[in-house]
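Enquirer: Pasting a structure below so you can have a look.
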Amino acid sequence: MAAPDDQHAAVTREILVRYLDAWTPAALHGARRVTYASTGGQDESVAALRVFGEFADRLAGHRLAMVLAAPSSDEATALAERLDTVHSELGGPAELTVEVSAGSLQPVADGAVFVYLAGTGAPLHPDAVVELAAGRATEILLTVSAALAERYRTALRGAGLAATVQVELVDRAGAARLLLFATAVPKHLEKFKDELWSVDEFAGVRYRDPLDPGHTLVDISLAPDVGPLRRSLLRHLAEAGPQAVAELRRWTLDETIYRLADLNRLLTPLVSTGAVGRDPAKGRLTPETIIVPR
């Protein structure tokens with residue numbers, strides 16, 4: 001059986017790979033220069049390179065650069081050698097380049113940029129993370145301690161990456177790894193959440209919303225338990241008052257780990273059982289329908 005940290009790493013890697021598989025063609029369509037900047041380990045870097053290799057036929061007229069940082073010179077050398085082997089296996093496309101250095105990651109400002117920050121070293125100050133994520137064409141995924149997550153989220157939102165989600169991966173022993181994703185594009189956050197819930201189920205690993213007062217553990221599933229969302233939604237309505245469905249959609253996207261599809265399958269039974277009211281009282285639920293707390 002895999003060790004807890006291996007379980008966390010496996011889930012994180014699959015989330016990363018799934019999202020990069022969706023992000024890469026969109027980035028290549030919108031920018032001539034695309035950069036993946038990361039402090040991730042060998043397994044994550046190899047997985048990312050293989051994703052990029054799948055789009056070699058779309059690289060004409062573009063440059064897709066992997067800019068990677070390793071903690072030491074020895075680790076940087078080992079990583080560069082492994083990636084060079086994989087790059088050759090992929091046919092060595094000249095437009096797909098790999099640069100590995102020892103030390104800290106440097107900001108990349110031009111083109112479409114995806115930043116993945118992971119590792120066991122001292123955490124970067126939120127200002128340093130914001131510097132790495134400079135530019136509205138940048139998206140970022142990082143592992144961070146629960147105690148610092150809100151500081152990072154606030155800093156990234158202030159820098160223009162306002163669409164964010166944070167989720168804890170929790171193993172059977174209760175050990176957690178917190179992931180924070182940030183983008184300037186709400187639809188990209190929707191896509192990230194789709195991939196978050198689409199990963200293969202891993203024995204012993206469940207999700208937890210750091211913003212959920214109940215700290216409820218939820219199995220990874222295409223149709224997850226929406227109990228925590230129900231409780232959070234009712235609490236939100238009690239505090240904020242009547243809300244249009246469109247406002248609740250924005251709240252679900254920005255303030256929970258759940259998808260808009262999860263809200264959709266929750267609202268109808270809430271209304272039909274009388275847990276909440278609605279205005280108008282009848283008809284199809286539309287973005288303009290007002291949901292009223294009881």
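Each chain in the structure tokens gets a letter, A, B, ..., in the order shown, and its residues are numbered from 1; ligands are numbered from 1 in order too.
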Determine which residues of region 40-212 of chain A receive a DSSP assignment of strand (DSSP E), computed from the backbone, and state them as a PyMOL selection string.
Expert: chain A and resi 63-70+96-102+112-117+138-144+163-170+176-183+206-208
Enquirer: What parts of region 23-256 of chain A does DSSP call helix (DSSP H, G or I)? I'd like the answer as number ranges by chain.
Expert: A: 23-30, 42-53, 56-58, 73-89, 126-132, 146-158, 186-198, 227-240, 245-255
Enquirer: Need to verify the contact set: Ala37 (chain A), 10 Å, only C-alpha atoms, exclusion of same-chain residues closer than 2 positions in sequence. Can you return it as a list in words?
Expert: Val34, Thr35, Thr39, Gly40, Ser45, Ala65, Met66, Val67, Leu68, Ala69, Glu99, Val100, Leu105, Gln106, Pro107, Val108, Val113, Phe114, Val115, Tyr116, Leu117, Leu132, Ala133 and Ile140 of chain A
Enquirer: Skip His8 (chain A) itself and residues of its chain fewer than 3 positions away, then list as a compact mmCIF listing (two decimals) with C-alpha atoms, in the first residue's frame all residues within 8 Å of it, counting only C-alpha atoms.
Expert:
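Below is the file that was written, selection-v1.txt:
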# COMPACT_ATOMS: atom_id res chain seq x y z
CA PRO A 4 0.11 8.65 2.80
CA ASP A 5 2.32 11.23 1.11
CA VAL A 11 -3.99 12.49 -6.59
CA THR A 12 -2.22 15.83 -7.03
CA LEU A 169 -6.65 15.98 0.19
CA VAL A 170 -7.06 13.92 3.36
CA ASP A 171 -5.82 10.34 3.84
CA ALA A 176 -3.84 16.55 4.67
CA ARG A 177 -2.32 18.29 1.67
CA VAL A 205 -8.03 9.85 0.01
Enquirer: Which polymer residues have any atom within 10 Å of an atom of Gly274 (chain A), counting only C-alpha atoms, with same-chain residues fewer than 5 positions away left out, as a ChimeraX atom specification?
Expert: /A:268-269,293-294
Enquirer: Point out the residue among A:Val165, A:Ala159, A:Leu64, A:Leu270 with the least atom-to-atom distance to Leu142 (chain A), counting only C-alpha atoms.
Expert: A:Val165
Enquirer: Considering only C-alpha atoms, return as a PDB file with C-alpha atoms, in the first residue's frame whatever protein or nucleic-acid residues lie within 8 Å of Arg259 (chain A), sequence-local ones (same chain, fewer than 3 positions apart) excluded.
Expert:
ATOM      1  CA  GLU A 190     -15.139  25.632 -13.672  1.00  0.00           C
ATOM      2  CA  LYS A 193     -13.278  21.785 -10.692  1.00  0.00           C
ATOM      3  CA  ASP A 194     -14.558  19.398 -13.355  1.00  0.00           C
ATOM      4  CA  THR A 252     -20.615  28.238  -5.274  1.00  0.00           C
ATOM      5  CA  LEU A 253     -17.832  28.713  -7.805  1.00  0.00           C
ATOM      6  CA  ASP A 262     -23.684  20.220  -7.931  1.00  0.00           C
ATOM      7  CA  LEU A 263     -25.602  23.389  -7.075  1.00  0.00           C
TER       8      LEU A 263
END
Enquirer: Please, what distance in Å, to one decimal, runs between CA of His215 (chain A) and CA of Pro228 (chain A)?
Expert: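 We find that CA of His215 (chain A) and CA of Pro228 (chain A) lie 8.6 Å from each other.
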